[in-house]
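**Student:** Handing you this structure, nothing more for now.
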Amino acid sequence: MEELFKTLNQANCSTRRDVELIADTSQALLHLLTTHEKSTHEMIALYSCNLDMLLLVLENAQEQNVIENVVGMLYQMLCIKPRIGGAASKVTLRNASRTLLATLVYVAQELQPASPVLLSTLYTLITKLSLIDKRIAVKARLQGALNVTVNLLRVHASHTKFLLPAVKCLKIFASSSVNVAELGRNGAVDVLIALVQACSKKQTILVQTSLDILQLLLKSKKNAQVAIKQGTVGVLLAMFLDWHQSQAKHRHLKEQKTLLTILKNFCLSKAGKKVLIEADIVQHLYAFCKDIPTSSTELLPLASVILQKCLMPKKLPVSSTASVYNFSLPQLEHDPYCSCYTPGNTGLNAAPGSDIQNVDSFGSAPTPCSSLSDLAVITQAEEVKTSCQFSLDSLDNSRTEQFLPELQHFTHTTASLCNIPAMYSQLEGVSLVDSPGKQPLTFTGFGTVTAAVTESHLVPGVTLNPASTLDVDGPCEGLLESRPRVNENEKRSLHSCHSSADTSKMNDSKSCEFGLPVFQEKPLASGPICSSMANNCLLSADKISVLSENSGSNPDAVAELKANGLVCARSENIDSGTNAVSSDLLVENTHLANSTIPNAAVLESVNECSSMHSQNTLEDVFQEIYLTRARDTKTVLNRCSIPYPDLCSQWTEPRQIEPLLCSKNDVKRKSILGDINRIVQPAAIMNNIVYSLDALLDEQSHLQDCLANSDAEWVLTHSEQTIESPLEFDSQFESGNLRTAIQVREREYDLLLSPDVNSSRHLQWFYFRVRNMQVGVPYRFNVINCEKTNSQFNFGMQPVIFSVKEAGQGRAGWLRTGSNICYYKNQYTRSAGVDAQAKLFHTAAFTIVFPHNGDICYMAYHYPYTFTLLQTHLQQWKGLATQWGTYLNVQRLCKTLSGNEVPLLTITSQSREDDLDGRQYVFLTSRVHPGESNSSWVMKGIIEFLLSGAPVVQQLLKMYVFKIVPMLNPDGVINGSHRCSVTGEDLNRKWVNPCPVLHPTVYHTKQLIRYLVSISKSPILFCDFHGHSRKKNVFVYGCNGKTSWREDDKVNSLDDKAFLVSID
């Protein structure tokens, strides 16, 4: 063999080429290569080393027999015996592709008639080399192989052995966008369509490859336009319908999918869509979708996209896509460095219906206040009007240092009890005590408390020291503090003092000082105060569940109240003319570090608390606190009720972890077909509007908020009645979001959500009440104006539901439920039109089977957590802190634009063994996005863990001080928004330069962190808790260490990998 290669090389390199010798030698080498069944090492080495020489012979060859011999050897080396070709260098193989393309062009143009077998072999070799040479498509264009291939397909359209290799090679050529344009100019589209029509359906590989090339070619807009003019669209549609009708067993779904993809490309242009509509594609695809087997769901999205493109986009059935709520923003004098500044803009008022994405879109004309909450906002803006003129770079320490009460607590032996401004402003004129010989404690107005105490009317056996004044001035305005329990030495000392004296004498004594505050007859320096009382006692509201002197005792009930931080205080007489007493009179266990309460007095107070309702005591007290907090909550919307789930203090825990729902494959198909059926058969659709928030707001514009709930009574009176009318909806309560409910079929409803306040976007969160249902009947709900491109509803998530009747039977709680859940794009858009690029909404569809007849159920996107519920939980947390001796401080960080107070929690250990200077700070925040309610539940668990008194927690609190802002966006939470505050802006995008008036929570949080940094107490961790609508499990977004306030982070960020290894 070696001698043959030498002879071939000499004959090819000689000046006078011996064609016969070259042909004979190449024929002999081909014979040796084909007759040896196994490739020996000698053969592999010999042929691979002489591959360059064979390519040189092929370049010089002009005779067909020589070309056939050399091409045959290459075919054997690369395809039949790949071990030989694999031994060659990649450089040589890349050169082989250029040589083969040149040979292809020469054979097609010069050797007439060209042998189909030789051409198919060349195409096979080129296809094989394309795996190594990624530039083979470019080389084909430069060598002129594109035009040659198209012409060969025209000439040899009947030669089946030639067609498949040629079409496979053409698919490789079409991978280049430049080649696509050239192939389109050469008429490749017409050639391929004729080829597909001429092929038998049994030639599936040839047909599928040809369709794949058509798909690549028609991605080009220019090629698509030419094809539309030539009538290609109708031919492809007829081809698709023919394939669908003739294949009863649906074996060729891949070919149909490719045809649908090609038709979808035509829908991107108006001309293509017009041709498809004229061909009645809607009816044809609707019939096609109904016949698709469940195992071929990949065809449904393509068919639905084509239908959506071909159907006229429908406008949402609402008068305006803007929010139904408009909040009048305050007028500001802008500082050019403030984030709310816009040149030439003197006011910040959102026009009704405007889509506020940033502060630049605000109008300049002031809008008059439409509610008391608006007036409060304007008043607040006037108070802090100058704050907007200061840059965040200048720290105002006099305002910020008040939020570090732990420094004062651990520095001084005594501390001041501070107030929360405006928290008890609703108590004006309320008399707390009205009995002979005792002067009333009366709240006469904000900032003033007038009281005189001659006997202890708060805790029996305790005398209040009139010389002990209560200082409510100072920088710690807004402080509510839970102090530690008395230590054992103090208990023994006080117990002996108490036992050695008569109780009545002790009541008259003015010398024993127990650290309880005394209300002076003169007005105090500033706002109202909280009286100190053991075990977090309270006076309830509305029903005024107050202890009487002759009442019995119920130790179990009292123990349950104590465990939850809810114990009612004793008041001997309440003014009968008083209709409401705020449970903001929750009297905290706020005795100071050196203050004590006699043990006997504590026990007596607890015993008298037991006269409260013997059953459901905890529930009643919890509801009283919630109702009072609800009165303080300021909203943009008109609340017609309060949500019943918030009134349930105890929820039944699920028996097991709720699994993800395993959705069926055809759920989305059925939902989309149902939407198409509305267009195909519009007479079957009811379109009955059963709930419209727009209409209700027009009717209720003069009404005040109704803070009550009659769900339990309604269920009792309607559970046995026959249900015939449609479902009744309502969302006019805190965090509620449902704008319109439309009955489209007997048990199917389209639901529309309301955008965030002062916005026309951010549609995802829903929370509404439904009643008047039948048991065991499936109801279908379609939320038709969702904005997200995808949702966890497609991956096992279910909506949550709360049944009032279940709660009445002792099984209160939210449960995930629903079946046939899917999330898909629909045909609704923001505005009607024929724009093919119009952005469409998505539908979240689910089926609910209600557990009871005549029930009331609340349904939500996720477990709701309202601002009022947070305020109620704060009272429980104070009780937990008192119970376990944990330092808990609750302050007002700031007020929101609506006037709601934003709580700031400080949690650390009461232990003085470790210096506070040695404790590092941890800063936690959550709920900057209202629709991410899961972040609030996680934060609730963290707070309760820190107050649990567990040994690991006690050790943790000795090392760290936790600063927690549990709700950064109360206004958004209250008004049922998904992402924004009442300004219509995403507060999470305002951290760089927040405005103190428009973004107070972000501004003051950042100001506090900057102040900690300025006093060398930089937080070791800042964590902001969020939820995610499209990701599962728990994950963390880290920050760039180079921009951190901690020098350690900047150093470690230089070598992140080494840092992670070091802390592992």
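Each chain of the structure tokens is named A, B, ... in the order shown, its residues numbered from 1; ligands are numbered from 1 in display order.
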What's around region 966-971 of chain A at 7 Å? Count only C-alpha atoms, leave out sequence neighbours fewer than 6 positions away in its own chain, and write the answer as a ChimeraX atom specification.

**Tutor:** /A:867,896,898,925-930,936,939,981-982,1001

**Student:** If you measure from CA of Ala137 (chain A) to CA of Val233 (chain A), what distance in Å do you get, rounded to one decimal?

**Tutor:**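 Rounded to one decimal, the two atoms are 27.8 Å apart.
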
**Student:** Just the strand (DSSP E or B) stuff from region 736-870 of chain A, please, per backbone DSSP, written as an MDAnalysis selection string.

**Tutor:** chainID A and resid 737 740:745 748:752 767:771 778:786 800:803 815:816 819:829 840:849 856:860

**Student:** Go through A:Leu30, A:Leu192, A:Val107, A:Cys640 and flag the residue nearest Val70 (chain A), using only C-alpha atoms for the distances.

**Tutor:**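 When distances to Val70 (chain A) are compared using only C-alpha atoms, the smallest one comes from A:Leu30.
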
**Student:** Taking the DSSP assignment computed from this structure's backbone, write out as a ChimeraX atom specification all residues of region 835-974 of chain A that belong to alpha helix (DSSP H).

**Tutor:** /A:867-884,934-946,951-959,970-974

**Student:** Taking C-alpha atoms for each residue, export the selection above as a PDB file, in the first residue's frame.

**Tutor:**
```
ATOM      1  CA  PHE A 867     -50.857  45.762  58.719  1.00  0.00           C
ATOM      2  CA  THR A 868     -53.542  45.636  61.416  1.00  0.00           C
ATOM      3  CA  LEU A 869     -52.638  42.008  62.103  1.00  0.00           C
ATOM      4  CA  LEU A 870     -49.031  43.089  62.574  1.00  0.00           C
ATOM      5  CA  GLN A 871     -50.109  45.755  65.053  1.00  0.00           C
ATOM      6  CA  THR A 872     -52.091  43.142  66.953  1.00  0.00           C
ATOM      7  CA  HIS A 873     -49.192  40.722  67.005  1.00  0.00           C
ATOM      8  CA  LEU A 874     -47.016  43.451  68.473  1.00  0.00           C
ATOM      9  CA  GLN A 875     -49.067  43.250  71.648  1.00  0.00           C
ATOM     10  CA  GLN A 876     -48.542  39.498  71.857  1.00  0.00           C
ATOM     11  CA  TRP A 877     -44.830  39.892  71.289  1.00  0.00           C
ATOM     12  CA  LYS A 878     -44.605  42.348  74.166  1.00  0.00           C
ATOM     13  CA  GLY A 879     -46.205  39.734  76.370  1.00  0.00           C
ATOM     14  CA  LEU A 880     -43.689  37.119  75.200  1.00  0.00           C
ATOM     15  CA  ALA A 881     -40.831  39.505  75.943  1.00  0.00           C
ATOM     16  CA  THR A 882     -42.159  40.116  79.434  1.00  0.00           C
ATOM     17  CA  GLN A 883     -42.664  36.428  80.032  1.00  0.00           C
ATOM     18  CA  TRP A 884     -39.077  35.514  79.122  1.00  0.00           C
ATOM     19  CA  ASN A 934     -44.767  35.311  52.713  1.00  0.00           C
ATOM     20  CA  SER A 935     -41.960  37.649  53.773  1.00  0.00           C
ATOM     21  CA  SER A 936     -44.134  38.881  56.650  1.00  0.00           C
ATOM     22  CA  TRP A 937     -44.814  35.356  57.841  1.00  0.00           C
ATOM     23  CA  VAL A 938     -41.106  34.571  57.785  1.00  0.00           C
ATOM     24  CA  MET A 939     -40.404  37.756  59.720  1.00  0.00           C
ATOM     25  CA  LYS A 940     -43.112  36.849  62.248  1.00  0.00           C
ATOM     26  CA  GLY A 941     -41.438  33.500  62.812  1.00  0.00           C
ATOM     27  CA  ILE A 942     -38.064  35.179  63.302  1.00  0.00           C
ATOM     28  CA  ILE A 943     -39.446  37.633  65.864  1.00  0.00           C
ATOM     29  CA  GLU A 944     -41.256  34.929  67.815  1.00  0.00           C
ATOM     30  CA  PHE A 945     -38.112  32.814  67.743  1.00  0.00           C
ATOM     31  CA  LEU A 946     -36.097  35.694  69.175  1.00  0.00           C
ATOM     32  CA  PRO A 951     -31.297  28.701  75.434  1.00  0.00           C
ATOM     33  CA  VAL A 952     -29.857  29.216  71.962  1.00  0.00           C
ATOM     34  CA  VAL A 953     -31.858  32.435  71.626  1.00  0.00           C
ATOM     35  CA  GLN A 954     -30.650  33.735  74.966  1.00  0.00           C
ATOM     36  CA  GLN A 955     -27.072  33.135  73.911  1.00  0.00           C
ATOM     37  CA  LEU A 956     -27.769  34.790  70.566  1.00  0.00           C
ATOM     38  CA  LEU A 957     -29.282  37.891  72.149  1.00  0.00           C
ATOM     39  CA  LYS A 958     -26.261  38.291  74.420  1.00  0.00           C
ATOM     40  CA  MET A 959     -24.118  38.638  71.314  1.00  0.00           C
ATOM     41  CA  PRO A 970     -47.704  49.535  55.193  1.00  0.00           C
ATOM     42  CA  ASP A 971     -49.664  51.747  52.790  1.00  0.00           C
ATOM     43  CA  GLY A 972     -49.262  49.262  49.964  1.00  0.00           C
ATOM     44  CA  VAL A 973     -50.216  46.351  52.214  1.00  0.00           C
ATOM     45  CA  ILE A 974     -53.306  48.121  53.544  1.00  0.00           C
TER      46      ILE A 974
END
```

**Student:** Using only C-alpha atoms, determine which residues lie at most 8 Å from Ser933 (chain A), disregarding the query and same-chain residues fewer than 4 positions distant; provide the list as JSON, numbers by chain.

**Tutor:** {"A": [862, 863, 864, 865, 927, 937, 1027]}

**Student:** Those selected residues, please, written with all heavy atoms and delivered as an mmCIF file, in the first residue's frame.

**Tutor:**
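The result, stored in again.cif:
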```cif
data_model
loop_
_atom_site.group_PDB
_atom_site.id
_atom_site.type_symbol
_atom_site.label_atom_id
_atom_site.label_comp_id
_atom_site.auth_asym_id
_atom_site.auth_seq_id
_atom_site.Cartn_x
_atom_site.Cartn_y
_atom_site.Cartn_z
ATOM 1 N N HIS A 862 -51.736 34.378 48.207
ATOM 2 C CA HIS A 862 -50.884 33.749 49.215
ATOM 3 C C HIS A 862 -51.465 34.095 50.570
ATOM 4 O O HIS A 862 -52.372 34.915 50.677
ATOM 5 C CB HIS A 862 -49.437 34.254 49.081
ATOM 6 C CG HIS A 862 -48.448 33.468 49.882
ATOM 7 N ND1 HIS A 862 -48.103 32.173 49.562
ATOM 8 C CD2 HIS A 862 -47.757 33.769 51.002
ATOM 9 C CE1 HIS A 862 -47.222 31.738 50.436
ATOM 10 N NE2 HIS A 862 -47.000 32.678 51.331
ATOM 11 N N TYR A 863 -50.954 33.449 51.622
ATOM 12 C CA TYR A 863 -51.468 33.696 52.966
ATOM 13 C C TYR A 863 -51.384 35.189 53.285
ATOM 14 O O TYR A 863 -50.289 35.732 53.401
ATOM 15 C CB TYR A 863 -50.667 32.909 53.997
ATOM 16 C CG TYR A 863 -50.634 31.422 53.755
ATOM 17 C CD1 TYR A 863 -49.517 30.816 53.210
ATOM 18 C CD2 TYR A 863 -51.724 30.622 54.064
ATOM 19 C CE1 TYR A 863 -49.477 29.452 52.980
ATOM 20 C CE2 TYR A 863 -51.702 29.259 53.832
ATOM 21 C CZ TYR A 863 -50.576 28.676 53.294
ATOM 22 O OH TYR A 863 -50.541 27.329 53.063
ATOM 23 N N PRO A 864 -52.529 35.879 53.456
ATOM 24 C CA PRO A 864 -52.472 37.326 53.706
ATOM 25 C C PRO A 864 -51.889 37.629 55.088
ATOM 26 O O PRO A 864 -52.016 36.845 56.038
ATOM 27 C CB PRO A 864 -53.940 37.754 53.622
ATOM 28 C CG PRO A 864 -54.637 36.645 52.908
ATOM 29 C CD PRO A 864 -53.906 35.397 53.293
ATOM 30 N N TYR A 865 -51.242 38.767 55.162
ATOM 31 C CA TYR A 865 -50.745 39.282 56.437
ATOM 32 C C TYR A 865 -50.908 40.795 56.390
ATOM 33 O O TYR A 865 -50.159 41.487 55.733
ATOM 34 C CB TYR A 865 -49.282 38.910 56.660
ATOM 35 C CG TYR A 865 -48.796 39.158 58.076
ATOM 36 C CD1 TYR A 865 -48.799 38.132 59.007
ATOM 37 C CD2 TYR A 865 -48.344 40.405 58.474
ATOM 38 C CE1 TYR A 865 -48.367 38.348 60.303
ATOM 39 C CE2 TYR A 865 -47.918 40.631 59.764
ATOM 40 C CZ TYR A 865 -47.923 39.599 60.678
ATOM 41 O OH TYR A 865 -47.500 39.825 61.977
ATOM 42 N N ARG A 927 -41.274 43.072 53.653
ATOM 43 C CA ARG A 927 -42.543 43.556 53.084
ATOM 44 C C ARG A 927 -42.412 44.927 52.437
ATOM 45 O O ARG A 927 -43.282 45.778 52.601
ATOM 46 C CB ARG A 927 -43.595 43.569 54.185
ATOM 47 C CG ARG A 927 -45.047 43.435 53.680
ATOM 48 C CD ARG A 927 -45.327 42.079 53.082
ATOM 49 N NE ARG A 927 -46.658 41.960 52.539
ATOM 50 C CZ ARG A 927 -47.769 41.708 53.246
ATOM 51 N NH1 ARG A 927 -47.678 41.531 54.549
ATOM 52 N NH2 ARG A 927 -48.941 41.603 52.662
ATOM 53 N N TRP A 937 -44.697 36.554 57.011
ATOM 54 C CA TRP A 937 -44.814 35.356 57.841
ATOM 55 C C TRP A 937 -43.436 34.845 58.269
ATOM 56 O O TRP A 937 -43.264 34.371 59.393
ATOM 57 C CB TRP A 937 -45.575 34.267 57.077
ATOM 58 C CG TRP A 937 -47.031 34.573 56.934
ATOM 59 C CD1 TRP A 937 -47.687 34.942 55.813
ATOM 60 C CD2 TRP A 937 -48.015 34.554 57.981
ATOM 61 N NE1 TRP A 937 -49.016 35.160 56.073
ATOM 62 C CE2 TRP A 937 -49.258 34.924 57.389
ATOM 63 C CE3 TRP A 937 -47.966 34.267 59.331
ATOM 64 C CZ2 TRP A 937 -50.420 35.009 58.135
ATOM 65 C CZ3 TRP A 937 -49.150 34.357 60.074
ATOM 66 C CH2 TRP A 937 -50.353 34.718 59.468
ATOM 67 N N GLY A 1027 -40.495 37.855 48.674
ATOM 68 C CA GLY A 1027 -41.071 36.649 48.086
ATOM 69 C C GLY A 1027 -40.829 36.682 46.593
ATOM 70 O O GLY A 1027 -40.533 37.733 46.030
#
```
